[in-house]
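A.B. asks: Supplied structure: upload.tsv, TSV, C-alpha atoms and all ligand atoms.
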```tsv
chain	number	residue	atom	x	y	z
H	1	MET	CA	-35.78	11.43	16.79
H	2	SER	CA	-32.76	12.47	18.90
H	3	THR	CA	-31.08	9.79	20.94
H	4	LEU	CA	-29.40	12.38	23.15
H	5	PRO	CA	-30.46	12.36	26.80
H	6	ALA	CA	-32.37	15.40	28.10
H	7	THR	CA	-29.73	16.16	30.70
H	8	THR	CA	-26.06	15.44	31.19
H	9	ASP	CA	-23.19	16.70	33.29
H	10	VAL	CA	-20.58	16.86	30.53
H	11	VAL	CA	-20.74	17.21	26.73
H	12	ILE	CA	-17.59	15.99	24.99
H	13	VAL	CA	-17.31	17.33	21.42
H	14	GLY	CA	-15.03	15.15	19.28
H	15	ALA	CA	-14.50	11.40	19.55
H	16	GLY	CA	-10.80	11.46	18.69
H	17	PRO	CA	-8.24	10.01	21.11
H	18	THR	CA	-8.65	12.95	23.48
H	19	GLY	CA	-12.46	12.79	23.61
H	20	LEU	CA	-12.45	9.01	23.94
H	21	ALA	CA	-9.87	9.09	26.76
H	22	LEU	CA	-11.95	11.67	28.63
H	23	ALA	CA	-15.08	9.54	28.10
H	24	CYS	CA	-13.29	6.50	29.59
H	25	ILE	CA	-12.24	8.46	32.69
H	26	LEU	CA	-15.75	9.86	33.23
H	27	ALA	CA	-17.39	6.47	32.62
H	28	ALA	CA	-15.08	4.83	35.17
H	29	LYS	CA	-16.09	7.49	37.71
H	30	ARG	CA	-19.79	7.19	36.77
H	31	VAL	CA	-20.05	10.84	35.69
H	32	SER	CA	-22.84	11.31	33.12
H	33	PHE	CA	-21.61	12.54	29.75
H	34	VAL	CA	-22.57	12.75	26.09
H	35	LEU	CA	-19.90	12.21	23.44
H	36	ILE	CA	-20.70	13.71	20.04
H	37	ASP	CA	-18.77	13.80	16.79
H	38	ARG	CA	-19.50	15.35	13.42
H	39	LEU	CA	-18.68	11.99	11.79
H	40	ALA	CA	-21.26	9.21	12.03
H	41	GLU	CA	-18.54	6.56	12.32
H	42	GLY	CA	-14.89	6.41	13.28
H	43	ALA	CA	-12.28	5.85	10.57
H	44	ASN	CA	-10.93	2.76	12.36
H	45	THR	CA	-7.38	3.93	11.61
H	46	SER	CA	-5.05	6.26	13.42
H	47	ARG	CA	-2.44	8.78	12.31
H	48	ALA	CA	-0.76	8.37	15.68
H	49	ALA	CA	1.53	5.38	16.00
H	50	VAL	CA	3.15	5.63	19.41
H	51	VAL	CA	1.76	5.82	22.91
H	52	HIS	CA	4.46	7.27	25.17
H	53	ALA	CA	5.36	6.19	28.71
H	54	ARG	CA	3.70	9.10	30.54
H	55	THR	CA	0.43	8.53	28.66
H	56	LEU	CA	0.37	4.91	29.82
H	57	GLU	CA	1.01	6.00	33.41
H	58	ALA	CA	-1.52	8.83	33.47
H	59	PRO	CA	-4.85	6.95	33.77
H	60	GLY	CA	-3.57	5.07	36.84
H	61	SER	CA	-2.89	8.26	38.79
H	62	GLY	CA	-5.57	8.83	40.33
H	63	SER	CA	-26.26	19.00	35.13
H	64	ILE	CA	-26.83	20.75	32.25
H	65	THR	CA	-30.65	21.20	32.11
H	66	ASP	CA	-32.98	21.43	29.10
H	67	SER	CA	-30.38	20.82	26.40
H	68	PRO	CA	-26.88	19.36	26.47
H	69	ILE	CA	-25.86	22.12	24.07
H	70	ALA	CA	-26.64	24.81	26.66
H	71	THR	CA	-23.05	24.51	27.82
H	72	GLN	CA	-22.05	26.55	30.83
H	73	ARG	CA	-18.32	26.21	30.49
H	74	ILE	CA	-16.14	25.21	27.54
H	75	LEU	CA	-12.82	23.51	28.21
H	76	LEU	CA	-10.43	22.67	25.40
H	77	ALA	CA	-8.22	19.59	25.26
H	78	GLY	CA	-6.08	17.80	22.68
H	79	ASP	CA	-5.60	19.23	19.21
H	80	ALA	CA	-8.44	21.69	19.83
H	81	ALA	CA	-6.17	23.35	22.41
H	82	HIS	CA	-2.73	22.85	20.89
H	83	VAL	CA	-2.45	21.58	17.31
H	84	HIS	CA	1.14	21.33	16.14
H	85	SER	CA	3.56	19.44	13.89
H	86	PRO	CA	3.48	15.62	14.23
H	87	ALA	CA	7.27	15.61	14.78
H	88	GLY	CA	8.12	13.47	17.80
H	89	GLY	CA	4.67	11.85	18.01
H	90	GLN	CA	3.40	14.19	20.72
H	91	GLY	CA	-0.13	15.30	19.76
H	92	MET	CA	-2.27	12.32	20.68
H	93	ASN	CA	-0.17	11.67	23.77
H	94	THR	CA	-0.53	15.24	25.01
H	95	GLY	CA	-4.27	15.11	24.23
H	96	ILE	CA	-4.81	11.90	26.21
H	97	GLN	CA	-2.88	13.36	29.14
H	98	ASP	CA	-5.06	16.51	28.93
H	99	ALA	CA	-8.13	14.25	29.00
H	100	VAL	CA	-6.95	12.36	32.07
H	101	ALA	CA	-6.21	15.59	33.96
H	102	LEU	CA	-9.53	17.10	32.91
H	103	GLY	CA	-11.45	13.89	33.70
H	104	HIS	CA	-10.12	13.79	37.28
H	105	THR	CA	-10.83	17.49	37.81
H	106	LEU	CA	-14.36	17.31	36.37
H	107	THR	CA	-15.13	14.24	38.47
H	108	ALA	CA	-13.99	16.01	41.65
H	109	VAL	CA	-15.93	19.21	40.86
H	110	LEU	CA	-19.14	17.43	39.81
H	111	GLY	CA	-18.88	15.08	42.80
H	112	GLY	CA	-18.61	18.06	45.18
H	113	GLN	CA	-15.09	17.19	46.39
H	114	ALA	CA	-13.57	20.29	44.76
H	115	HIS	CA	-14.76	23.84	44.11
H	116	GLU	CA	-15.52	24.86	40.51
H	117	SER	CA	-12.50	27.18	40.60
H	118	GLN	CA	-10.42	23.99	40.52
H	119	LEU	CA	-11.20	23.84	36.80
H	120	ASP	CA	-8.82	26.79	36.39
H	121	GLU	CA	-6.11	24.50	37.74
H	122	TYR	CA	-6.53	22.38	34.60
H	123	GLU	CA	-5.37	25.27	32.44
H	124	ARG	CA	-2.62	26.27	34.89
H	125	THR	CA	-1.11	22.78	34.88
H	126	ARG	CA	-1.65	21.77	31.24
H	127	ARG	CA	-0.86	25.02	29.43
H	128	PRO	CA	2.89	25.09	30.26
H	129	ILE	CA	3.15	21.47	29.11
H	130	ALA	CA	1.34	22.24	25.84
H	131	ASP	CA	3.53	25.33	25.32
H	132	ARG	CA	6.66	23.21	25.76
H	133	VAL	CA	5.40	20.52	23.36
H	134	VAL	CA	4.52	23.12	20.71
H	135	ALA	CA	7.95	24.77	21.06
H	136	LEU	CA	9.78	21.42	20.91
H	137	THR	CA	7.89	20.09	17.88
H	138	ASP	CA	8.33	23.44	16.14
H	139	ARG	CA	12.12	23.30	16.68
H	140	MET	CA	12.23	19.68	15.49
H	141	THR	CA	10.23	20.52	12.38
H	142	ARG	CA	12.44	23.51	11.52
H	143	MET	CA	15.54	21.35	11.99
H	144	ALA	CA	14.10	18.53	9.86
H	145	THR	CA	13.09	20.82	7.01
H	146	LEU	CA	16.26	22.92	6.61
H	147	ARG	CA	16.64	23.80	2.92
H	148	ASN	CA	20.20	25.00	2.82
H	149	ARG	CA	22.61	22.15	1.96
H	150	ARG	CA	25.41	23.45	4.26
H	151	SER	CA	22.98	23.82	7.18
H	152	ARG	CA	21.75	20.27	6.61
H	153	THR	CA	25.33	18.93	6.62
H	154	ILE	CA	26.10	20.74	9.88
H	155	ARG	CA	22.82	19.53	11.40
H	156	ASN	CA	23.52	15.90	10.48
H	157	ALA	CA	27.06	16.07	11.88
H	158	MET	CA	25.79	17.68	15.12
H	159	ILE	CA	23.09	15.04	15.53
H	160	ARG	CA	25.64	12.24	15.00
H	161	MET	CA	27.99	13.85	17.51
H	162	ILE	CA	25.61	14.74	20.33
H	163	GLY	CA	23.57	11.57	19.74
H	164	ARG	CA	26.50	9.64	21.20
H	165	ILE	CA	26.32	11.49	24.52
H	166	PRO	CA	24.27	9.38	27.00
H	167	ALA	CA	22.95	12.46	28.88
H	168	VAL	CA	21.62	13.95	25.63
H	169	ARG	CA	19.98	10.66	24.61
H	170	ARG	CA	18.39	10.44	28.07
H	171	TRP	CA	17.15	14.04	27.86
H	172	VAL	CA	15.54	13.45	24.44
H	173	ALA	CA	13.93	10.16	25.52
H	174	THR	CA	12.56	11.67	28.73
H	175	GLU	CA	11.21	14.73	26.90
H	176	LEU	CA	9.54	12.76	24.09
H	177	ALA	CA	8.09	10.15	26.47
H	178	GLY	CA	6.49	12.96	28.47
H	179	LEU	CA	8.12	11.69	31.66
H	180	ARG	CA	9.34	15.21	32.48
H	181	ASN	CA	5.69	16.11	33.14
H	182	ARG	CA	5.24	13.80	36.13
Z	1	LIG	C1	0.76	12.19	10.00
Z	1	LIG	C2	0.51	12.31	11.47
Z	1	LIG	C3	1.12	11.44	12.34
Z	1	LIG	C4	0.89	11.55	13.72
Z	1	LIG	N1	1.52	10.68	14.58
Z	1	LIG	C5	1.37	10.81	15.91
Z	1	LIG	C6	2.02	9.93	16.83
Z	1	LIG	O1	2.72	8.98	16.45
Z	1	LIG	N2	1.82	10.13	18.17
Z	1	LIG	C7	1.04	11.14	18.63
Z	1	LIG	O2	0.90	11.28	19.86
Z	1	LIG	N3	0.37	11.98	17.78
Z	1	LIG	C8	0.52	11.84	16.45
Z	1	LIG	N4	-0.14	12.67	15.60
Z	1	LIG	C9	-1.06	13.68	16.14
Z	1	LIG	C10	-2.40	13.03	16.53
Z	1	LIG	O3	-2.99	12.38	15.39
Z	1	LIG	C11	-3.35	14.12	17.06
Z	1	LIG	O4	-2.67	14.93	17.98
Z	1	LIG	C12	-4.55	13.47	17.73
Z	1	LIG	O5	-5.34	12.77	16.77
Z	1	LIG	C13	-5.40	14.53	18.41
Z	1	LIG	O6	-6.50	13.90	18.99
Z	1	LIG	P1	-7.80	14.76	19.29
Z	1	LIG	O7	-8.79	13.79	19.84
Z	1	LIG	O8	-7.43	15.94	20.15
Z	1	LIG	O9	-8.25	15.36	17.89
Z	1	LIG	P2	-8.71	14.56	16.56
Z	1	LIG	O10	-8.01	13.25	16.44
Z	1	LIG	O11	-8.56	15.57	15.46
Z	1	LIG	O12	-10.24	14.25	16.80
Z	1	LIG	C14	-11.18	15.30	16.80
Z	1	LIG	C15	-12.56	14.69	16.58
Z	1	LIG	O13	-13.49	15.78	16.68
Z	1	LIG	C16	-14.42	15.69	15.59
Z	1	LIG	N5	-14.86	17.05	15.32
Z	1	LIG	C17	-14.14	18.06	14.82
Z	1	LIG	N6	-14.89	19.18	14.73
Z	1	LIG	C18	-16.11	18.84	15.22
Z	1	LIG	C19	-17.31	19.57	15.41
Z	1	LIG	N7	-17.38	20.87	15.08
Z	1	LIG	N8	-18.36	18.94	15.96
Z	1	LIG	C20	-18.28	17.62	16.30
Z	1	LIG	N9	-17.17	16.89	16.15
Z	1	LIG	C21	-16.09	17.50	15.62
Z	1	LIG	C22	-13.66	15.05	14.45
Z	1	LIG	O14	-14.52	14.38	13.56
Z	1	LIG	C23	-12.75	14.05	15.21
Z	1	LIG	O15	-13.35	12.78	15.37
Z	1	LIG	C24	0.04	12.57	14.21
Z	1	LIG	C25	-0.60	13.45	13.32
Z	1	LIG	C26	-0.37	13.34	11.96
Z	1	LIG	C27	-1.05	14.30	11.04
```
Before anything else, please render the file you have as structure tokens.

C.D. replies:
Amino acid sequence: MSTLPATTDVVIVGAGPTGLALACILAAKRVSFVLIDRLAEGANTSRAAVVHARTLEAPGSGSITDSPIATQRILLAGDAAHVHSPAGGQGMNTGIQDAVALGHTLTAVLGGQAHESQLDEYERTRRPIADRVVALTDRMTRMATLRNRRSRTIRNAMIRMIGRIPAVRRWVATELAGLRNR
């Protein structure tokens, strides 16, 4: 016998960090949702090790009938929207920030405080951030996996040199912590 409710406002597919963060936001706002995952149980471990500053800040800012599967609108978040290299520890953080943005928008639309077209705003605001993260992690991965010995020597010397410049260190820290996305 199915334990799914007959109706719900939101179906979240995937109980990874992104799905769980979205579920927390919706639960706090008392929006009805169903969270489903293909796995019966969580692994109780995480690949992701670091929660960045912007992710910690984000949560503080601020009916489907007949079958929950009869989804009217599909919105992607987290790795489902932007899977990329783990360099820089960005994936889970970007996914949780997606979930917070989406949770606030869904709550406003379902509560009648915003028009449904506001859901397009989610893509408009999150896509440039995801594009930047994908480009940054791609560059970092290509730099980290250089095969040519001479290129690696030049890379290491450059990193040592520019790593001493406070403005560069600040730029890298701000970018990786997601604080540029405030
Ligand atoms: C080695 C490594 C280290 C990493 N380190 C970091 C780090 O330090 N910091 C960081 O921010 N990120 C890191 N990441 C990336 C991070 O793990 C992912 O970005 C993050 O897990 C994405 O979360 P998610 O919820 O979007 O997707 P997932 O964690 O992939 O969760 C998706 C969930 O959906 C379920 N699912 C999939 N398909 C279906 C389906 N068809 N139906 C139902 N359920 C489904 C899965 O079972 C899973 O539970 C690392 C990744 C790797 C590989």

A.B. asks: If the limit is 10 Å from any atom of ligand LIG 1 (chain Z), counting all atoms listed in the file, which residues qualify? Return them as number ranges by chain.

C.D. replies: H: 12-22, 35-43, 46-52, 55, 76-96, 98-99, 176-177

A.B. asks: So how far away is atom CA of Gln97 of chain H from atom CA of Tyr122 of chain H, in Å?

C.D. replies: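 Distance between the two atoms: 11.2 Å.
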
A.B. asks: Using only C-alpha atoms for the distances, tell me which of H:Met161, H:Ala53, H:Met140, H:Ile154 is nearest to Arg180 of chain H.

C.D. replies: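 Answer, going by the shortest atom-to-atom distance: H:Ala53.
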
A.B. asks: With only C-alpha atoms as the atoms that count, which of H:His104, H:Arg127, H:His115, H:Arg132 lies nearest to Gly178 of chain H?

C.D. replies: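 Of the candidates, the smallest distance to Gly178 of chain H is held by H:Arg132.
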
A.B. asks: Just the number, please: distance in Å from atom CA of Gly103 of chain H to atom CA of Ala173 of chain H, one decimal.

C.D. replies: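 Going from atom CA of Gly103 of chain H over to atom CA of Ala173 of chain H covers 26.9 Å.
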
A.B. asks: Rounded to one decimal in Å, what is the spacing between atom CA of Leu119 of chain H and atom CA of Asp9 of chain H?

C.D. replies: 14.4 Å

A.B. asks: Anything within 12 Å of (-11.9, 18.5, 39.3): list those residues as an MDAnalysis selection string, counting all atoms listed in the file and sticking to the file's coordinates.

C.D. replies: chainID H and resid 26 29 31 62 99:123
